[in-house]
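Down below is the structure, laid out as structure tokens.
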Amino acid sequence: MQVDTLIKVKNLSKNFSDLKSVDAFDLEVKKGELFGLLGPNGSGKTTMIKMLTGQIKPSGGEVSVHGIDVLANPLRVKELTGIIPEQETPPSFLTAEEYLHFVAKIRKLEGFEDKCEWWFSYLDFAGQKDVLCKDLSRGTRQKLMLAQAFLHEPELVIIDEPLINLDPLMQRKVKDYLRDYVSKGGTVFISTHILEIAREICSSMGIIYRGKLVFSGNMDDPAIGDRPLEDFFLELVN
Ligand SMILES: Nc1ncnc2c1ncn2[C@@H]1O[C@H](COP(=O)(O)OP(=O)(O)OP(=O)(O)O)[C@@H](O)[C@H]1O
């Protein structure tokens, strides 16, 4: 079945005791979008991503990915989606290469060695292939997490803070890769509190503040106009 809306969220909420971390959130992300979820620290971005990827259960509302109810079938959603959760670290007892090969085998990828080689080369960490994941630098761990998420070229990739810990050259490469991925038909959902990233690469965005979606639209939405994104953002979250 062809699905054009890859992420659909309706009246979604997550409470931690009295705190409404995500509050009655509605959102749709269509195929081909590079969507950025922006918001200040503690506004609910990671909580949203955890609900999209079946890591935590919502307190209320509906969430579907690829037209599949995430609560009912989280494993199927994980099979179809590339995911980089917040500050995820790969297993400490595997080397970088072993980890990528392990992921490729779970994904039942054929000819994965070449694909892994491509990632080692593109993100310039072939020299760390044989290093245990626990001994990798934070930036190299992030490169590895990016590689594992895109290895099977899924229709949808969901990334919490894609450029975290990367140096400017690697940030440039990842931004180029994300733009190219979407231009070839992929869909990417990112969360970030870095507005320049969204301005530079996203086609659409949502702004979350205190758990509520306070804006959703394209980057050329007339409400933003010619203002710096920072001004628009601060107007909504102050
Ligand atoms: N497991 C939890 N138990 C209690 N409170 C939580 C839990 N997870 C998140 N929260 C709270 O929910 C709110 C939203 O947190 P979340 O991590 O989603 O924010 P964020 O927008 O991703 O922040 P940042 O940009 O700082 O990473 C915060 O107040 C946080 O303390």
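Letters A, B, ... mark the chains of the structure tokens in the order given; residue numbers begin at 1 per chain; ligand numbers begin at 1, in order shown.
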
Environment of ligand 1 within 10 Å, counting only C-alpha atoms and all ligand atoms, reported as a PyMOL selection string
chain A and resi 14-22+37-50+56+86-87+160-161+191-194+208-211

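Put simply, atom CA of A:Leu169 is 17.3 Å away from atom CA of A:Met145.
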
Polymer residues at most 6 Å from A:Gly61, only C-alpha atoms, same-chain spacing of 4 or more positions, as a PyMOL selection string
chain A and resi 10-12

Keeping only C-alpha atoms, write the selected residues to a file as an mmCIF file, in the first residue's frame.
```
data_model
loop_
_atom_site.group_PDB
_atom_site.id
_atom_site.type_symbol
_atom_site.label_atom_id
_atom_site.label_comp_id
_atom_site.auth_asym_id
_atom_site.auth_seq_id
_atom_site.Cartn_x
_atom_site.Cartn_y
_atom_site.Cartn_z
ATOM 1 C CA LYS A 10 -3.357 13.083 16.706
ATOM 2 C CA ASN A 11 -4.003 14.625 20.104
ATOM 3 C CA LEU A 12 -0.810 12.957 21.364
#
```

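The smallest atom-to-atom distance between A:Glu230 and any of A:Arg199, A:Lys31, A:Met205, A:Arg107, using only C-alpha atoms, is found for A:Arg199.
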